[in-house]
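Source file: model15.cif. Holds: mmCIF, C-alpha atoms.
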```cif
data_input
#
loop_
_atom_site.label_atom_id
_atom_site.label_comp_id
_atom_site.auth_asym_id
_atom_site.auth_seq_id
_atom_site.Cartn_x
_atom_site.Cartn_y
_atom_site.Cartn_z
CA MET A 1 70.74 -127.60 -89.31
CA ASN A 2 71.23 -125.63 -86.10
CA ARG A 3 74.48 -127.44 -85.38
CA PHE A 4 75.65 -126.83 -88.95
CA SER A 5 74.73 -123.14 -88.66
CA ARG A 6 76.66 -122.83 -85.41
CA LEU A 7 79.57 -124.59 -87.06
CA LEU A 8 79.57 -122.13 -89.96
CA ARG A 9 79.59 -119.20 -87.54
CA LEU A 10 83.01 -120.26 -86.29
CA SER A 11 85.64 -118.08 -87.94
CA ALA A 12 88.17 -120.92 -88.12
CA VAL A 13 85.67 -123.17 -89.94
CA ARG A 14 84.73 -120.40 -92.37
CA GLN A 15 88.39 -119.81 -93.11
CA ALA A 16 88.91 -123.54 -93.66
CA PHE A 17 85.99 -123.66 -96.12
CA GLY A 18 87.27 -120.54 -97.85
CA PHE A 19 90.73 -122.03 -98.32
CA LEU A 20 89.17 -125.31 -99.46
CA ILE A 21 87.17 -123.53 -102.17
CA LEU A 22 90.27 -121.59 -103.19
CA PHE A 23 92.34 -124.79 -103.34
CA PHE A 24 89.59 -126.55 -105.34
CA THR A 25 89.47 -123.68 -107.86
CA ILE A 26 93.24 -123.60 -108.27
CA SER A 27 93.39 -127.39 -108.64
CA ILE A 28 90.63 -127.40 -111.29
CA VAL A 29 92.38 -124.68 -113.28
CA ALA A 30 95.82 -126.30 -112.94
CA TRP A 31 94.74 -129.85 -113.73
CA GLY A 32 92.33 -128.76 -116.45
CA GLY A 33 95.11 -126.78 -118.09
CA THR A 34 97.44 -129.77 -117.80
CA PHE A 35 94.87 -132.05 -119.44
CA LEU A 36 94.37 -129.61 -122.31
CA LEU A 37 98.11 -129.20 -122.84
CA VAL A 38 98.66 -132.97 -122.88
CA SER A 39 95.74 -133.46 -125.29
CA TRP A 40 97.01 -130.73 -127.59
CA GLU A 41 100.51 -132.21 -127.53
CA MET A 42 99.29 -135.71 -128.43
CA GLN A 43 97.24 -134.29 -131.28
CA ARG A 44 100.20 -132.22 -132.47
CA ILE A 45 102.37 -135.34 -132.59
CA VAL A 46 99.70 -137.19 -134.63
CA ASP A 47 99.36 -134.22 -137.00
CA ALA A 48 103.15 -134.08 -137.41
CA ARG A 49 103.21 -137.76 -138.39
CA LEU A 50 100.39 -137.19 -140.88
CA MET A 51 102.34 -134.30 -142.41
CA GLU A 52 105.46 -136.46 -142.73
CA ARG A 53 103.47 -139.31 -144.30
CA MET A 54 101.74 -136.87 -146.70
CA ASP A 55 105.09 -135.45 -147.83
CA ALA A 56 106.49 -138.98 -148.32
CA ALA A 57 103.39 -140.07 -150.31
CA ILE A 58 103.59 -137.02 -152.62
CA ALA A 59 107.30 -137.62 -153.15
CA SER A 60 106.60 -141.27 -154.09
CA LEU A 61 103.85 -140.26 -156.53
CA ASP A 62 106.10 -137.66 -158.15
CA ALA A 63 108.78 -140.34 -158.55
CA GLY A 64 106.26 -142.65 -160.30
CA VAL A 65 106.18 -145.04 -157.34
CA ALA A 66 103.07 -146.36 -155.66
CA LEU A 67 101.93 -144.99 -152.30
CA PRO A 68 104.03 -146.25 -149.36
CA ALA A 69 102.67 -149.25 -147.46
CA THR A 70 100.55 -148.44 -144.38
CA GLU A 71 100.40 -149.93 -140.91
CA ALA A 72 97.29 -151.54 -139.44
CA ASP A 73 96.10 -148.28 -137.89
CA GLU A 74 96.93 -146.11 -140.91
CA THR A 75 95.17 -145.35 -144.20
CA ALA A 76 96.25 -143.68 -147.43
CA GLY A 77 94.38 -143.14 -150.69
CA PHE A 78 92.68 -140.76 -153.09
CA VAL A 79 89.26 -139.28 -152.35
CA ASP A 80 86.72 -137.36 -154.43
CA GLY A 81 86.67 -133.62 -154.62
CA ASP A 82 83.97 -133.21 -151.95
CA GLU A 83 86.45 -133.73 -149.08
CA LYS A 84 87.78 -130.47 -147.63
CA GLU A 85 91.50 -129.92 -147.44
CA GLY A 86 93.23 -129.86 -144.08
CA LEU A 87 93.00 -131.82 -140.85
CA ARG A 88 89.85 -133.29 -139.36
CA THR A 89 88.78 -135.91 -136.82
CA GLU A 90 85.81 -138.25 -137.28
CA ASP A 91 84.46 -141.51 -135.92
CA LEU A 92 84.11 -144.50 -138.21
CA GLU A 93 80.53 -145.57 -138.78
CA GLY A 94 79.45 -148.59 -136.75
CA SER A 95 82.47 -148.53 -134.45
CA SER A 96 84.03 -146.50 -131.70
CA VAL A 97 87.22 -146.00 -133.65
CA GLU A 98 88.32 -142.39 -134.04
CA MET A 99 90.37 -141.39 -137.03
CA ARG A 100 92.48 -138.32 -137.75
CA TYR A 101 92.72 -137.36 -141.44
CA LEU A 102 94.85 -135.01 -143.51
CA VAL A 103 93.55 -134.12 -147.01
CA ARG A 104 95.68 -132.30 -149.58
CA THR A 105 95.18 -131.60 -153.28
CA THR A 106 98.10 -132.76 -155.43
CA SER A 107 98.83 -132.94 -159.16
CA HIS A 108 97.87 -136.59 -158.93
CA GLY A 109 94.50 -135.93 -157.30
CA ARG A 110 93.06 -135.24 -153.82
CA LEU A 111 95.13 -137.37 -151.43
CA GLN A 112 93.97 -138.38 -147.93
CA ILE A 113 96.24 -139.74 -145.20
CA GLY A 114 94.64 -141.11 -141.99
CA GLU A 115 95.69 -142.51 -138.60
CA ASN A 116 93.75 -144.31 -135.89
CA THR A 117 93.81 -142.13 -132.74
CA GLU A 118 91.96 -144.58 -130.51
CA LEU A 119 95.13 -145.09 -128.43
CA GLN A 120 95.47 -141.35 -127.83
CA GLU A 121 91.81 -141.17 -126.87
CA GLU A 122 92.28 -143.99 -124.36
CA LEU A 123 95.30 -142.19 -122.92
CA ARG A 124 93.24 -139.01 -122.57
CA ASP A 125 90.47 -140.95 -120.83
CA ILE A 126 92.99 -142.54 -118.45
CA LEU A 127 94.56 -139.14 -117.78
CA ALA A 128 91.16 -137.54 -117.16
CA GLY A 129 90.09 -140.38 -114.85
CA GLY A 130 93.34 -140.26 -112.91
CA MET A 131 93.05 -136.51 -112.52
CA GLN A 132 89.46 -136.79 -111.30
CA ILE A 133 90.34 -139.44 -108.72
CA SER A 134 93.40 -137.48 -107.63
CA LEU A 135 91.36 -134.27 -107.40
CA LEU A 136 88.62 -135.89 -105.32
CA ALA A 137 91.12 -137.61 -103.02
CA THR A 138 93.13 -134.43 -102.58
CA ILE A 139 90.06 -132.34 -101.85
CA LEU A 140 88.77 -134.93 -99.38
CA LEU A 141 92.08 -135.13 -97.53
CA THR A 142 92.44 -131.35 -97.64
CA ALA A 143 88.93 -130.91 -96.25
CA ILE A 144 89.64 -133.35 -93.39
CA ALA A 145 92.97 -131.67 -92.62
CA GLY A 146 91.42 -128.22 -92.89
CA LEU A 147 88.55 -129.09 -90.57
CA TRP A 148 90.97 -130.65 -88.08
CA MET A 149 93.18 -127.58 -88.13
CA ALA A 150 90.12 -125.32 -87.90
CA ARG A 151 88.79 -127.28 -84.95
CA ARG A 152 92.17 -127.16 -83.22
CA SER A 153 92.41 -123.44 -83.82
CA GLN A 154 88.84 -122.95 -82.64
CA ASP A 155 89.57 -124.91 -79.46
CA ARG A 156 92.41 -122.51 -78.73
CA LEU A 157 90.16 -119.53 -79.43
CA ASP A 158 87.51 -121.06 -77.16
CA THR A 159 90.12 -121.36 -74.41
CA VAL A 160 90.87 -117.65 -74.81
CA SER A 161 87.15 -116.84 -74.85
CA ILE A 162 86.51 -118.86 -71.69
CA GLY A 163 89.41 -117.14 -69.94
CA LEU A 164 88.08 -113.71 -70.91
CA ALA A 165 84.60 -114.70 -69.75
CA LYS A 166 85.99 -115.60 -66.32
CA VAL A 167 87.72 -112.24 -66.12
CA ALA A 168 84.50 -110.49 -67.19
CA GLN A 169 82.70 -112.28 -64.36
CA GLY A 170 85.16 -110.85 -61.84
CA ASP A 171 87.71 -113.66 -61.56
CA LEU A 172 90.80 -111.50 -62.12
CA GLY A 173 93.03 -114.36 -61.00
CA ALA A 174 92.02 -116.47 -64.03
CA ARG A 175 94.78 -117.08 -66.57
CA ILE A 176 94.55 -118.56 -70.05
CA ALA A 177 98.08 -120.04 -70.04
CA LEU A 178 97.81 -121.25 -73.64
CA GLU A 179 100.66 -123.46 -74.80
CA GLY A 180 102.38 -122.98 -78.12
CA ASN A 181 104.40 -120.35 -79.93
CA ASP A 182 101.96 -118.97 -82.49
CA ASP A 183 99.99 -115.74 -82.74
CA ILE A 184 97.10 -117.07 -80.63
CA SER A 185 99.40 -118.10 -77.78
CA LEU A 186 101.10 -114.69 -78.02
CA LEU A 187 97.68 -113.03 -77.80
CA ALA A 188 96.83 -115.20 -74.79
CA ASP A 189 100.10 -114.20 -73.09
CA ARG A 190 99.31 -110.53 -73.64
CA ILE A 191 95.81 -111.01 -72.28
CA ASP A 192 97.25 -112.77 -69.22
CA GLY A 193 99.69 -109.90 -68.76
CA THR A 194 96.88 -107.36 -69.04
CA THR A 195 94.73 -109.33 -66.62
CA ALA A 196 97.60 -109.56 -64.13
CA ARG A 197 98.11 -105.82 -64.40
CA LEU A 198 94.36 -105.27 -63.97
CA GLU A 199 94.35 -107.53 -60.91
CA THR A 200 97.23 -105.55 -59.42
CA LEU A 201 95.47 -102.25 -60.10
CA VAL A 202 92.23 -103.48 -58.56
CA MET A 203 94.10 -104.66 -55.48
CA GLN A 204 95.84 -101.30 -55.29
CA MET A 205 92.48 -99.55 -55.58
CA ARG A 206 91.12 -101.62 -52.73
CA VAL A 207 94.18 -100.89 -50.60
CA GLN A 208 94.01 -97.21 -51.49
CA SER A 209 90.30 -97.08 -50.70
CA SER A 210 91.02 -98.64 -47.32
CA ASN A 211 93.86 -96.18 -46.74
CA ILE A 212 91.71 -93.23 -47.78
CA ALA A 213 89.00 -94.34 -45.36
CA HIS A 214 91.62 -94.80 -42.63
CA ASP A 215 93.32 -91.45 -43.24
CA LEU A 216 90.10 -89.44 -43.53
CA ARG A 217 88.31 -91.09 -40.66
CA THR A 218 90.44 -89.37 -38.01
CA PRO A 219 90.17 -85.77 -39.32
CA LEU A 220 86.46 -86.24 -40.03
CA ALA A 221 85.88 -87.60 -36.55
CA ARG A 222 87.81 -84.70 -35.04
CA LEU A 223 85.91 -82.20 -37.16
CA ARG A 224 82.57 -83.66 -36.17
CA ALA A 225 83.54 -83.73 -32.48
CA GLN A 226 84.63 -80.11 -32.58
CA LEU A 227 81.49 -78.97 -34.34
CA GLU A 228 79.28 -81.01 -32.02
CA THR A 229 81.05 -79.63 -28.91
CA ASN A 230 80.73 -76.05 -30.14
CA LEU A 231 77.08 -76.59 -31.10
CA LEU A 232 76.20 -77.98 -27.65
CA ALA A 233 78.10 -75.17 -25.95
CA LEU A 234 76.24 -72.64 -28.03
CA ILE A 235 72.81 -74.19 -27.42
CA GLU A 236 73.09 -75.27 -23.79
CA ARG A 237 75.45 -72.69 -22.32
CA ASP A 238 75.06 -69.90 -24.84
CA ARG A 239 78.83 -69.83 -25.25
CA PRO A 240 79.92 -68.16 -28.44
CA VAL A 241 82.15 -70.06 -30.92
CA LYS A 242 85.81 -69.23 -30.37
CA THR A 243 88.24 -68.31 -33.08
CA ASP A 244 90.49 -71.25 -32.15
CA ASP A 245 87.61 -73.66 -32.67
CA LEU A 246 86.96 -72.36 -36.17
CA GLU A 247 90.67 -72.48 -37.00
CA ASN A 248 90.88 -76.08 -35.85
CA ALA A 249 87.85 -76.99 -37.94
CA LEU A 250 89.33 -75.29 -40.99
CA GLU A 251 92.61 -77.13 -40.38
CA GLN A 252 90.83 -80.47 -40.47
CA ILE A 253 88.98 -79.46 -43.64
CA ASP A 254 92.26 -78.37 -45.25
CA ARG A 255 93.78 -81.75 -44.40
CA ILE A 256 90.88 -83.58 -46.04
CA THR A 257 90.99 -81.28 -49.07
CA GLY A 258 94.77 -81.72 -49.33
CA THR A 259 94.41 -85.49 -49.45
CA PHE A 260 91.97 -85.34 -52.35
CA GLU A 261 94.04 -82.73 -54.22
CA ALA A 262 97.11 -84.93 -53.87
CA LEU A 263 95.18 -87.93 -55.18
CA LEU A 264 93.88 -85.93 -58.15
CA ARG A 265 97.39 -84.68 -58.92
CA LEU A 266 98.70 -88.25 -58.80
CA ALA A 267 95.91 -89.43 -61.13
CA ARG A 268 96.69 -86.69 -63.65
CA ILE A 269 100.37 -87.59 -63.69
CA GLU A 270 99.70 -91.33 -64.02
CA SER A 271 97.37 -90.65 -66.96
CA GLY A 272 100.33 -89.20 -68.90
CA ALA A 273 99.06 -85.62 -68.87
CA GLY A 274 101.84 -83.11 -69.45
CA ARG A 275 104.12 -85.22 -71.64
CA ASP A 276 103.35 -83.00 -74.63
CA ALA A 277 104.76 -80.00 -72.74
CA PHE A 278 108.22 -81.51 -72.21
CA LYS A 279 111.12 -79.14 -72.77
CA THR A 280 114.88 -79.52 -72.74
CA MET A 281 116.54 -78.59 -69.45
CA ARG A 282 119.83 -79.15 -67.65
CA LEU A 283 119.76 -80.96 -64.33
CA GLU A 284 122.30 -78.60 -62.73
CA GLU A 285 120.03 -75.60 -63.40
CA LEU A 286 117.10 -77.48 -61.88
CA ILE A 287 119.17 -78.35 -58.80
CA ALA A 288 120.28 -74.72 -58.41
CA GLU A 289 116.65 -73.62 -58.41
CA ILE A 290 115.75 -76.22 -55.78
CA VAL A 291 118.66 -75.17 -53.57
CA ASP A 292 117.59 -71.52 -53.73
CA THR A 293 114.03 -72.46 -52.78
CA TYR A 294 114.51 -75.21 -50.21
CA GLY A 295 117.95 -74.39 -48.83
CA PRO A 296 116.54 -71.95 -46.27
CA VAL A 297 113.83 -74.45 -45.30
CA VAL A 298 116.43 -77.12 -44.58
CA GLU A 299 118.57 -74.69 -42.59
CA GLU A 300 115.56 -73.54 -40.57
CA ALA A 301 114.94 -77.19 -39.64
CA GLY A 302 118.47 -77.36 -38.25
CA GLN A 303 119.75 -79.58 -41.06
CA THR A 304 122.29 -79.24 -43.86
CA LEU A 305 121.76 -79.42 -47.62
CA GLU A 306 124.78 -80.65 -49.58
CA VAL A 307 124.90 -80.58 -53.40
CA THR A 308 127.29 -82.41 -55.75
CA VAL A 309 127.10 -81.91 -59.52
CA GLN A 310 129.26 -83.91 -61.94
CA ASP A 311 128.81 -83.90 -65.73
CA ALA A 312 125.13 -82.92 -65.49
CA ALA A 313 123.09 -84.13 -68.46
CA SER A 314 120.35 -82.40 -70.41
CA ILE A 315 116.99 -84.11 -70.24
CA ALA A 316 113.49 -83.61 -71.64
CA GLY A 317 110.80 -83.08 -69.05
CA ASP A 318 108.19 -80.93 -67.39
CA HIS A 319 109.80 -78.29 -65.18
CA ASP A 320 107.04 -78.06 -62.58
CA MET A 321 106.75 -81.83 -62.19
CA LEU A 322 110.50 -82.24 -61.73
CA VAL A 323 110.47 -79.50 -59.12
CA GLN A 324 107.63 -81.41 -57.41
CA LEU A 325 109.72 -84.61 -57.53
CA LEU A 326 112.72 -82.98 -55.82
CA ALA A 327 110.52 -81.15 -53.34
CA ASN A 328 108.85 -84.40 -52.30
CA LEU A 329 112.22 -86.10 -51.81
CA ILE A 330 113.52 -83.23 -49.68
CA GLN A 331 110.29 -83.08 -47.64
CA ASN A 332 110.44 -86.85 -47.14
CA ALA A 333 114.04 -86.53 -45.89
CA LEU A 334 113.08 -83.67 -43.56
CA ARG A 335 110.09 -85.53 -42.16
CA HIS A 336 111.72 -88.91 -41.60
CA GLY A 337 115.43 -88.04 -41.31
CA ALA A 338 117.52 -87.72 -38.21
CA ALA A 339 118.06 -84.47 -36.31
CA ASN A 340 121.00 -82.34 -37.50
CA GLN A 341 121.39 -84.63 -40.51
CA THR A 342 122.92 -83.81 -43.89
CA ILE A 343 120.63 -84.15 -46.90
CA SER A 344 122.68 -84.79 -50.03
CA ILE A 345 121.60 -84.06 -53.59
CA GLY A 346 123.91 -85.44 -56.25
CA VAL A 347 123.82 -85.20 -60.04
CA HIS A 348 125.99 -87.62 -62.03
CA GLY A 349 125.23 -87.39 -65.72
CA PRO A 350 121.52 -88.21 -66.10
CA ARG A 351 121.27 -89.62 -62.57
CA LEU A 352 119.72 -87.69 -59.70
CA ILE A 353 120.52 -88.99 -56.20
CA VAL A 354 118.97 -87.80 -52.92
CA THR A 355 120.16 -89.31 -49.60
CA ASP A 356 119.37 -88.66 -45.95
CA GLU A 357 120.62 -89.96 -42.61
CA GLY A 358 117.32 -91.21 -41.23
CA PRO A 359 116.26 -94.73 -40.27
CA GLY A 360 115.86 -95.72 -43.92
CA ILE A 361 113.26 -98.14 -45.28
CA PRO A 362 113.49 -101.93 -44.83
CA PHE A 363 114.04 -103.82 -48.07
CA GLY A 364 110.67 -105.58 -47.85
CA GLU A 365 108.83 -102.25 -47.49
CA ARG A 366 110.46 -100.37 -50.37
CA GLU A 367 107.92 -101.41 -52.96
CA ASN A 368 105.03 -100.75 -50.60
CA VAL A 369 106.06 -97.17 -49.80
CA LEU A 370 105.76 -96.34 -53.49
CA GLN A 371 102.04 -97.18 -53.37
CA PRO A 372 99.61 -94.29 -52.86
CA LEU A 373 98.52 -93.59 -49.26
CA HIS A 374 100.87 -96.19 -47.83
CA GLN A 375 102.42 -95.15 -44.54
CA GLY A 376 104.20 -97.07 -41.84
CA GLU A 377 102.35 -97.53 -38.62
CA ALA A 378 104.79 -95.18 -36.91
CA THR A 379 103.93 -92.36 -39.31
CA ARG A 380 100.30 -93.01 -40.11
CA GLN A 381 99.08 -90.41 -37.69
CA GLY A 382 101.60 -87.85 -38.92
CA GLU A 383 101.05 -84.85 -41.12
CA GLY A 384 101.72 -86.55 -44.45
CA PHE A 385 99.27 -88.16 -46.83
CA GLY A 386 101.46 -91.10 -47.83
CA LEU A 387 101.63 -89.73 -51.38
CA GLY A 388 105.11 -88.20 -51.52
CA LEU A 389 107.01 -91.19 -52.88
CA SER A 390 103.98 -92.22 -54.97
CA LEU A 391 104.18 -88.88 -56.77
CA VAL A 392 107.94 -89.35 -57.19
CA ARG A 393 107.36 -92.71 -58.86
CA ALA A 394 104.54 -91.39 -61.08
CA ILE A 395 106.66 -88.43 -62.24
CA SER A 396 109.63 -90.75 -62.87
CA GLU A 397 107.50 -93.09 -64.98
CA LEU A 398 106.07 -90.14 -66.90
CA HIS A 399 109.66 -89.12 -67.79
CA SER A 400 110.66 -92.75 -68.59
CA ALA A 401 113.16 -92.59 -65.71
CA GLU A 402 114.24 -95.52 -63.54
CA LEU A 403 113.48 -95.07 -59.84
CA SER A 404 115.28 -97.14 -57.21
CA LEU A 405 115.46 -97.10 -53.41
CA SER A 406 118.52 -98.32 -51.50
CA ASP A 407 120.43 -97.85 -48.26
CA GLY A 408 122.38 -94.65 -47.80
CA PRO A 409 126.16 -94.47 -47.29
CA ASN A 410 127.48 -96.93 -44.71
CA GLY A 411 124.05 -98.58 -44.63
CA ARG A 412 122.47 -95.57 -42.94
CA GLY A 413 119.48 -93.61 -44.21
CA LEU A 414 117.67 -93.80 -47.52
CA CYS A 415 119.14 -93.28 -50.98
CA VAL A 416 116.69 -92.45 -53.80
CA THR A 417 118.10 -92.64 -57.35
CA VAL A 418 116.25 -91.35 -60.43
CA ASN A 419 118.02 -92.23 -63.68
CA PHE A 420 116.68 -90.12 -66.54
CA PRO A 421 117.22 -91.03 -70.21
CA ARG A 422 119.63 -88.72 -72.01
CA LEU A 423 118.33 -86.73 -74.93
CA THR A 424 120.39 -88.92 -77.28
CA ASP A 425 118.60 -91.98 -75.87
CA LEU A 426 115.09 -90.72 -76.56
#
```
Would you kindly transcribe this structure into structure tokens?
Amino acid sequence: MNRFSRLLRLSAVRQAFGFLILFFTISIVAWGGTFLLVSWEMQRIVDARLMERMDAAIASLDAGVALPATEADETAGFVDGDEKEGLRTEDLEGSSVEMRYLVRTTSHGRLQIGENTELQEELRDILAGGMQISLLATILLTAIAGLWMARRSQDRLDTVSIGLAKVAQGDLGARIALEGNDDISLLADRIDGTTARLETLVMQMRVQSSNIAHDLRTPLARLRAQLETNLLALIERDRPVKTDDLENALEQIDRITGTFEALLRLARIESGAGRDAFKTMRLEELIAEIVDTYGPVVEEAGQTLEVTVQDAASIAGDHDMLVQLLANLIQNALRHGAANQTISIGVHGPRLIVTDEGPGIPFGERENVLQPLHQGEATRQGEGFGLGLSLVRAISELHSAELSLSDGPNGRGLCVTVNFPRLTDL
């Protein structure tokens, strides 16, 4: 009973039983209706023959001729007045013979015409027996096929369930890899895709946690050393705390706070916050604002800012986030570019292109630099947080834009291209 109860709890088995019951009901109704229609048709044919024979007998009597001769399974004759007019069926006494009678009152008396319907009864019995055997065989075969299909479907569902259980236990590398081209295999593929994405995110979280620990360890160690040095100087030598010491401590705290603020800003953007506030804007107006703000900064650094605008498109986006995107690209070019370089900003339709003349980024590192808190070993101890290009990617994805990194002109420097969708493409 326990095994049967567990079997009935399987959704595929319950569906198979449900379809079996539905098929059984439809078959009973269809075959029962067929049997009744066939029976009614055979009886109608017998009644039609009785009517024809009655009309012929009355015509013979009216012509002064005796009743027509009857076959072995037919009867014809006069009956007393107790017999009711019309059609009736009755069994002969002492036998299994069934007769169908037609009684009609004529000017010659009450006339009764009969016909043996034993053959029709045998045909009905054969038809009923054949239908019963066919119904039982069909239901049996349908039940076997249904249970086989249910078991096969349940096996596939069990494979999905086992794969999900492995993922729930922490094995993010587990994949269902279900063969086939049905809805269950499509579901399994989507689960595998989600699991792969989850595995990537978890790996990124681990890398980011390691990077956060690495980036914060140095300023925290410096802060603690400064505070400890000042505390010992105050206790042992009664030396008052200097203003420079406090400023250095605050600088380290600001660096730590800046890292967390940048991470929070990145998380908000990646969550999709701000998409509801999108407005229509022209890229050339956005570039003009950036040039007014950052042009003096670039000149002060001894570099040149060059702008090219061609057929600028209108896009839908968040103004502040797009300003942040351009600011990060310019700051990245300033920080990593060559001395006396030219930073180029180009707008070609919906494409925004920023290039510098720095060392560029090796092809194998281009995907890595888009990860939060990733910095090259040469820049890890610098002033940045390793979040500039990560914010650029997050803002691009929020605006459904395509971000790509490539070599600058003549294979020198870095070229960052952000291809926004036009308003007509949204």
### Task
Return the single residue from A:Ile345, A:Ile58, A:Ala145, A:Leu423 that is closest to A:Arg282, with distances computed using all atoms listed in the file.
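Closest to A:Arg282 of all the choices is A:Leu423.
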### Message
At a cut-off of 6 Å, using only C-alpha atoms, what residues contact stretch 108-124 of chain A? Leave out same-chain residues fewer than 2 positions from it and give the result as number ranges by chain.
### Response
A: 73-79, 97-106, 126-128
Could the residues in this selection be written to a file with C-alpha atoms, as a JSON list (two decimals), in the coordinates of the input?
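After the write, out-v5.json holds the following:
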```json
[["chain", "number", "residue", "atom", "x", "y", "z"],
["A", 73, "ASP", "CA", 96.10, -148.28, -137.89],
["A", 74, "GLU", "CA", 96.93, -146.11, -140.91],
["A", 75, "THR", "CA", 95.17, -145.35, -144.20],
["A", 76, "ALA", "CA", 96.25, -143.68, -147.43],
["A", 77, "GLY", "CA", 94.38, -143.14, -150.69],
["A", 78, "PHE", "CA", 92.68, -140.76, -153.09],
["A", 79, "VAL", "CA", 89.26, -139.28, -152.35],
["A", 97, "VAL", "CA", 87.22, -146.00, -133.65],
["A", 98, "GLU", "CA", 88.32, -142.39, -134.04],
["A", 99, "MET", "CA", 90.37, -141.39, -137.03],
["A", 100, "ARG", "CA", 92.48, -138.32, -137.75],
["A", 101, "TYR", "CA", 92.72, -137.36, -141.44],
["A", 102, "LEU", "CA", 94.85, -135.01, -143.51],
["A", 103, "VAL", "CA", 93.55, -134.12, -147.01],
["A", 104, "ARG", "CA", 95.68, -132.30, -149.58],
["A", 105, "THR", "CA", 95.18, -131.60, -153.28],
["A", 106, "THR", "CA", 98.10, -132.76, -155.43],
["A", 126, "ILE", "CA", 92.99, -142.54, -118.45],
["A", 127, "LEU", "CA", 94.56, -139.14, -117.78],
["A", 128, "ALA", "CA", 91.16, -137.54, -117.16]]
```
### Task
Can you work out the spacing between atom CA of A:Glu300 and atom CA of A:Leu322 in Å, to one decimal?
23.4 Å
### Message
Calculated over all atoms listed in the file, which of the candidates A:Arg335, A:Ser134, A:Gln341, A:Ser406 has the smallest distance to A:Gly302?
### Response
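Distance minimum relative to A:Gly302 lands on A:Gln341.
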### Message
Let me make sure I understand: among A:Ala168, A:Ser404, A:Val241, A:Leu157, which one has the smallest atom-to-atom distance to A:Asp183 if we use only C-alpha atoms?
### Response
A:Leu157
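Between atom CA of A:Val309 and atom CA of A:Arg412 lies a distance of 22.0 Å.
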#### Entry: For atom CA of A:Ser314 and atom CA of A:Glu284, the interatomic separation in Å (one decimal)
8.8 Å
## Note on the structure
Shortest contact to A:Leu136, candidates A:Ala233, A:Phe23, A:Ala177, A:Asn410, atoms counted all atoms listed in the file, goes to A:Phe23
### Query
Between A:Leu398, A:Val298, A:Leu334, A:Met149, which one has atoms that come closest to A:Gly317, using only C-alpha atoms?
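Ranked by minimum distance to A:Gly317, first place goes to A:Leu398.
When the PyMOL selection byres ((chain A and resi 193-203) around 9) is evaluated on the file shown here, the picked residues come out as Val167, Leu172, Gly173, Ala174, Arg175, Ala188, Asp189, Arg190, Ile191, Asp192, Gln204, Met205, Arg206, Val207 and Gln208 of chain A.
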Would you compute, for all listed atoms of stretch 60-73 of chain A, the axis-aligned bounding box grown by 4 Å on each side, and then report its centre and edge lengths in Å rounded to one decimal, as lines of an AutoDock Vina configuration file?
```
center_x = 102.4
center_y = -144.6
center_z = -149.1
size_x = 20.7
size_y = 21.9
size_z = 30.4
```
### Task
Return the single residue from A:Leu50, A:Cys415, A:Leu220, A:Met321 that is closest to A:Ala333, with distances computed using all atoms listed in the file.
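Ranking A:Leu50, A:Cys415, A:Leu220, A:Met321 by distance to A:Ala333, first place goes to A:Cys415.
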### Query
Skipping near chain neighbours, those fewer than 4 positions away, what residues fall within 8 Å of A:Gln324 using all atoms listed in the file, listed as a list in words?
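The residues satisfying every condition are Asp320, Asn328 and Val392 of chain A.
What the PyMOL selection byres ((chain A and resi 405) around 10) picks from this file is Ile353, Val354, Thr355, Gly360, Ile361, Phe363, Arg366, Glu367, Leu370, Leu403, Ser404, Ser406, Asp407, Gly408, Leu414, Cys415, Val416, Thr417 and Val418 of chain A.
Across the chains present, the PyMOL selection byres ((chain A and resi 139) around 12) applied to this file returns Phe17, Phe19, Leu20, Ile21, Leu22, Phe23, Phe24, Thr25, Ile26, Ser27, Ile28, Met131, Gln132, Ile133, Ser134, Leu135, Leu136, Ala137, Thr138, Leu140, Leu141, Thr142, Ala143, Ile144, Ala145, Gly146 and Leu147 of chain A.
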Given the selection you just returned, output its residues as a file containing C-alpha atoms, formatted as an mmCIF file, keeping the file's coordinate frame.
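Output (selection-v7.cif):
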```
data_model
loop_
_atom_site.group_PDB
_atom_site.id
_atom_site.type_symbol
_atom_site.label_atom_id
_atom_site.label_comp_id
_atom_site.auth_asym_id
_atom_site.auth_seq_id
_atom_site.Cartn_x
_atom_site.Cartn_y
_atom_site.Cartn_z
ATOM 1 C CA PHE A 17 85.990 -123.660 -96.120
ATOM 2 C CA PHE A 19 90.730 -122.030 -98.320
ATOM 3 C CA LEU A 20 89.170 -125.310 -99.460
ATOM 4 C CA ILE A 21 87.170 -123.530 -102.170
ATOM 5 C CA LEU A 22 90.270 -121.590 -103.190
ATOM 6 C CA PHE A 23 92.340 -124.790 -103.340
ATOM 7 C CA PHE A 24 89.590 -126.550 -105.340
ATOM 8 C CA THR A 25 89.470 -123.680 -107.860
ATOM 9 C CA ILE A 26 93.240 -123.600 -108.270
ATOM 10 C CA SER A 27 93.390 -127.390 -108.640
ATOM 11 C CA ILE A 28 90.630 -127.400 -111.290
ATOM 12 C CA MET A 131 93.050 -136.510 -112.520
ATOM 13 C CA GLN A 132 89.460 -136.790 -111.300
ATOM 14 C CA ILE A 133 90.340 -139.440 -108.720
ATOM 15 C CA SER A 134 93.400 -137.480 -107.630
ATOM 16 C CA LEU A 135 91.360 -134.270 -107.400
ATOM 17 C CA LEU A 136 88.620 -135.890 -105.320
ATOM 18 C CA ALA A 137 91.120 -137.610 -103.020
ATOM 19 C CA THR A 138 93.130 -134.430 -102.580
ATOM 20 C CA LEU A 140 88.770 -134.930 -99.380
ATOM 21 C CA LEU A 141 92.080 -135.130 -97.530
ATOM 22 C CA THR A 142 92.440 -131.350 -97.640
ATOM 23 C CA ALA A 143 88.930 -130.910 -96.250
ATOM 24 C CA ILE A 144 89.640 -133.350 -93.390
ATOM 25 C CA ALA A 145 92.970 -131.670 -92.620
ATOM 26 C CA GLY A 146 91.420 -128.220 -92.890
ATOM 27 C CA LEU A 147 88.550 -129.090 -90.570
#
```
